[in-house]
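These notes are about the structure you will find just below.
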Amino acid sequence: MLDLSREASVGAAVRAVIEVKNHTGTRGGFNRLADRISRFDEVEACYLMSGAYDLLIFVMGPSLQKVAGFVSEKLSTIEGVLSTSTHFHAAILQGGRLPDRRAGRGKRPAEIAP
């Protein structure tokens with residue numbers, strides 16, 4: 001059994017990937033929602049996706065509870081967020097490179113044509 005509480009005991013950051021469904025009637029669409037989400041300190045990267053979810057967000061926090069709190073108290077309360085699905089990183093099996101938060105900071109997301 002995987003002990004996720006170990007992350008907090010060694011002071012390691014907890015990372016998660018969050019799938020976000022956008023409410024199709026939201027004014028400003030994907031660009032406005034992605035811009036708003038990207039402003040949170042917890043967010044490392046935000047991608048427009050095809051498939052069942054509209055946005056894929058990489059987040060980091062000091063604990064599982066803090067990341068879960070970010071999702072329930074900040075992310076899910078944003079106008080236009082219809083639903084979320086959170087996946088916590090349990091272990092790095094290969095690779096281990098994550099998006100560099102600094103690379104996209106200060107840049108606006110690409111404009112998406114309606």
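Note on naming: chains are A, B, ... as they come in the structure tokens, residues start from 1 per chain, ligands start from 1 in the order shown.
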
So that I can see what lies close to segment 57-62 of chain A, please list as a ChimeraX atom specification the residues with an atom at most 7 Å from it, counting only C-alpha atoms and leaving out residues fewer than 5 positions away in the same chain. /A:13-19,42-47,67

Using all heavy atoms, can you export the residues from the last selection as a tab-separated table (two decimals), in the first residue's frame?
```tsv
chain	number	residue	atom	x	y	z
A	13	ALA	N	7.16	18.44	-1.68
A	13	ALA	CA	5.95	19.06	-2.23
A	13	ALA	C	5.04	17.97	-2.79
A	13	ALA	O	5.50	16.93	-3.24
A	13	ALA	CB	6.33	20.04	-3.32
A	14	VAL	N	3.76	18.23	-2.74
A	14	VAL	CA	2.76	17.33	-3.32
A	14	VAL	C	2.33	17.93	-4.64
A	14	VAL	O	2.00	19.12	-4.72
A	14	VAL	CB	1.55	17.17	-2.37
A	14	VAL	CG1	0.44	16.39	-3.03
A	14	VAL	CG2	1.99	16.51	-1.08
A	15	ARG	N	2.35	17.11	-5.68
A	15	ARG	CA	1.94	17.57	-7.00
A	15	ARG	C	0.70	16.82	-7.44
A	15	ARG	O	0.50	15.66	-7.08
A	15	ARG	CB	3.06	17.36	-8.00
A	15	ARG	CG	4.20	18.33	-7.82
A	15	ARG	CD	5.10	18.33	-9.02
A	15	ARG	NE	5.80	19.57	-9.17
A	15	ARG	CZ	7.05	19.78	-8.77
A	15	ARG	NH1	7.71	18.81	-8.20
A	15	ARG	NH2	7.62	20.94	-8.94
A	16	ALA	N	-0.10	17.51	-8.25
A	16	ALA	CA	-1.32	16.90	-8.78
A	16	ALA	C	-1.58	17.43	-10.19
A	16	ALA	O	-1.11	18.51	-10.55
A	16	ALA	CB	-2.51	17.21	-7.88
A	17	VAL	N	-2.32	16.64	-10.93
A	17	VAL	CA	-2.82	17.05	-12.24
A	17	VAL	C	-4.33	17.14	-12.09
A	17	VAL	O	-4.96	16.23	-11.56
A	17	VAL	CB	-2.44	16.01	-13.33
A	17	VAL	CG1	-3.04	16.41	-14.66
A	17	VAL	CG2	-0.94	15.86	-13.42
A	18	ILE	N	-4.90	18.24	-12.55
A	18	ILE	CA	-6.34	18.45	-12.41
A	18	ILE	C	-6.95	18.67	-13.78
A	18	ILE	O	-6.51	19.54	-14.54
A	18	ILE	CB	-6.64	19.66	-11.51
A	18	ILE	CG1	-5.94	19.50	-10.16
A	18	ILE	CG2	-8.15	19.83	-11.34
A	18	ILE	CD1	-5.94	20.75	-9.32
A	19	GLU	N	-7.96	17.87	-14.08
A	19	GLU	CA	-8.72	18.04	-15.31
A	19	GLU	C	-9.90	18.96	-14.98
A	19	GLU	O	-10.56	18.78	-13.97
A	19	GLU	CB	-9.23	16.70	-15.81
A	19	GLU	CG	-8.11	15.73	-16.15
A	19	GLU	CD	-8.61	14.32	-16.37
A	19	GLU	OE1	-9.51	13.87	-15.62
A	19	GLU	OE2	-8.10	13.68	-17.30
A	42	GLU	N	-0.45	28.23	-6.72
A	42	GLU	CA	-0.34	26.76	-6.75
A	42	GLU	C	-0.19	26.20	-8.17
A	42	GLU	O	0.29	25.09	-8.35
A	42	GLU	CB	-1.59	26.12	-6.13
A	42	GLU	CG	-1.78	26.41	-4.65
A	42	GLU	CD	-2.56	27.70	-4.37
A	42	GLU	OE1	-2.75	28.53	-5.28
A	42	GLU	OE2	-2.96	27.88	-3.20
A	43	VAL	N	-0.60	26.97	-9.17
A	43	VAL	CA	-0.62	26.48	-10.55
A	43	VAL	C	0.75	26.61	-11.20
A	43	VAL	O	1.33	27.69	-11.26
A	43	VAL	CB	-1.68	27.25	-11.38
A	43	VAL	CG1	-1.64	26.83	-12.84
A	43	VAL	CG2	-3.06	27.01	-10.79
A	44	GLU	N	1.26	25.46	-11.67
A	44	GLU	CA	2.54	25.44	-12.38
A	44	GLU	C	2.35	25.59	-13.88
A	44	GLU	O	3.18	26.19	-14.55
A	44	GLU	CB	3.27	24.12	-12.10
A	44	GLU	CG	3.68	23.98	-10.65
A	44	GLU	CD	4.47	22.72	-10.42
A	44	GLU	OE1	3.95	21.61	-10.66
A	44	GLU	OE2	5.64	22.84	-10.01
A	45	ALA	N	1.27	25.03	-14.42
A	45	ALA	CA	1.00	25.11	-15.85
A	45	ALA	C	-0.47	24.84	-16.10
A	45	ALA	O	-1.13	24.16	-15.31
A	45	ALA	CB	1.86	24.10	-16.61
A	46	CYS	N	-0.97	25.37	-17.22
A	46	CYS	CA	-2.37	25.19	-17.60
A	46	CYS	C	-2.42	24.98	-19.11
A	46	CYS	O	-1.90	25.81	-19.87
A	46	CYS	CB	-3.17	26.43	-17.20
A	46	CYS	SG	-4.93	26.34	-17.60
A	47	TYR	N	-3.02	23.87	-19.55
A	47	TYR	CA	-3.06	23.52	-20.96
A	47	TYR	C	-4.49	23.34	-21.44
A	47	TYR	O	-5.32	22.76	-20.74
A	47	TYR	CB	-2.34	22.18	-21.20
A	47	TYR	CG	-0.87	22.22	-20.88
A	47	TYR	CD1	-0.40	21.81	-19.64
A	47	TYR	CD2	0.04	22.64	-21.83
A	47	TYR	CE1	0.95	21.84	-19.35
A	47	TYR	CE2	1.39	22.67	-21.55
A	47	TYR	CZ	1.85	22.27	-20.30
A	47	TYR	OH	3.18	22.30	-20.02
A	67	VAL	N	-3.51	20.95	-1.34
A	67	VAL	CA	-3.88	20.83	-2.75
A	67	VAL	C	-5.39	20.59	-2.86
A	67	VAL	O	-6.07	21.21	-3.68
A	67	VAL	CB	-3.07	19.74	-3.46
A	67	VAL	CG1	-3.60	19.50	-4.87
A	67	VAL	CG2	-1.59	20.11	-3.50
```

Which of segment 36-95 of chain A end up as alpha helix (DSSP H) when DSSP is run on this backbone - answer as a ChimeraX atom specification? /A:36-38,64-69

Limited to all heavy atoms, could you put the picked residues into a file as a tab-separated table (two decimals), in the first residue's frame?
```tsv
chain	number	residue	atom	x	y	z
A	36	ARG	N	-7.42	33.23	-15.57
A	36	ARG	CA	-7.78	33.33	-14.15
A	36	ARG	C	-7.13	32.20	-13.33
A	36	ARG	O	-6.56	32.44	-12.27
A	36	ARG	CB	-9.30	33.26	-14.02
A	36	ARG	CG	-9.79	33.31	-12.59
A	36	ARG	CD	-10.68	34.49	-12.36
A	36	ARG	NE	-10.98	34.60	-10.95
A	36	ARG	CZ	-12.16	34.37	-10.42
A	36	ARG	NH1	-13.18	34.05	-11.18
A	36	ARG	NH2	-12.34	34.48	-9.12
A	37	ILE	N	-7.20	30.99	-13.84
A	37	ILE	CA	-6.63	29.84	-13.14
A	37	ILE	C	-5.11	29.98	-13.03
A	37	ILE	O	-4.52	29.68	-11.98
A	37	ILE	CB	-7.01	28.53	-13.85
A	37	ILE	CG1	-8.52	28.26	-13.66
A	37	ILE	CG2	-6.18	27.36	-13.34
A	37	ILE	CD1	-9.06	27.12	-14.50
A	38	SER	N	-4.46	30.44	-14.08
A	38	SER	CA	-3.00	30.54	-14.11
A	38	SER	C	-2.44	31.53	-13.10
A	38	SER	O	-1.26	31.48	-12.76
A	38	SER	CB	-2.53	30.93	-15.51
A	38	SER	OG	-2.84	29.91	-16.42
A	64	LEU	N	-1.23	17.11	0.78
A	64	LEU	CA	-2.45	16.66	0.09
A	64	LEU	C	-3.64	17.54	0.48
A	64	LEU	O	-4.46	17.90	-0.35
A	64	LEU	CB	-2.76	15.20	0.45
A	64	LEU	CG	-1.86	14.14	-0.16
A	64	LEU	CD1	-2.06	12.81	0.54
A	64	LEU	CD2	-2.15	14.00	-1.64
A	65	GLN	N	-3.70	17.88	1.76
A	65	GLN	CA	-4.81	18.69	2.25
A	65	GLN	C	-4.82	20.07	1.62
A	65	GLN	O	-5.88	20.61	1.28
A	65	GLN	CB	-4.76	18.81	3.78
A	65	GLN	CG	-5.03	17.51	4.50
A	65	GLN	CD	-3.80	16.59	4.57
A	65	GLN	OE1	-2.69	16.95	4.18
A	65	GLN	NE2	-4.01	15.37	5.04
A	66	LYS	N	-3.64	20.67	1.46
A	66	LYS	CA	-3.55	22.01	0.86
A	66	LYS	C	-3.95	21.98	-0.61
A	66	LYS	O	-4.63	22.88	-1.09
A	66	LYS	CB	-2.15	22.59	1.01
A	66	LYS	CG	-1.77	22.90	2.44
A	66	LYS	CD	-2.53	24.10	2.95
A	66	LYS	CE	-2.03	24.48	4.34
A	66	LYS	NZ	-2.75	25.60	4.92
A	67	VAL	N	-3.51	20.95	-1.34
A	67	VAL	CA	-3.88	20.83	-2.75
A	67	VAL	C	-5.39	20.59	-2.86
A	67	VAL	O	-6.07	21.21	-3.68
A	67	VAL	CB	-3.07	19.74	-3.46
A	67	VAL	CG1	-3.60	19.50	-4.87
A	67	VAL	CG2	-1.59	20.11	-3.50
A	68	ALA	N	-5.92	19.71	-2.02
A	68	ALA	CA	-7.37	19.45	-2.03
A	68	ALA	C	-8.14	20.72	-1.68
A	68	ALA	O	-9.19	21.01	-2.28
A	68	ALA	CB	-7.72	18.33	-1.05
A	69	GLY	N	-7.63	21.50	-0.74
A	69	GLY	CA	-8.26	22.76	-0.37
A	69	GLY	C	-8.24	23.76	-1.52
A	69	GLY	O	-9.21	24.49	-1.74
```

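The closest residue to Val20 of chain A, picked from A:Leu93, A:Leu55, A:Ile78, A:Val71 and counting only C-alpha atoms, is A:Leu55.
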
Å distance separating atom CA of Leu75 of chain A from atom CA of Asn22 of chain A, one decimal place: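 Those two atoms sit 11.6 Å apart.
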
Shortest interatomic distance to Met49 of chain A - which of A:Gly29, A:Lys21, A:Ala90, A:Asp35, counting only C-alpha atoms: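 The closest residue to Met49 of chain A is A:Lys21.
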
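One distance worth recording is that between atom CA of Glu79 of chain A and atom CA of Ser63 of chain A, which is 25.7 Å.
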
Would you work out the distance separating atom CA of Thr86 of chain A from atom CA of Leu56 of chain A, expressed in Å to one decimal? 9.9 Å
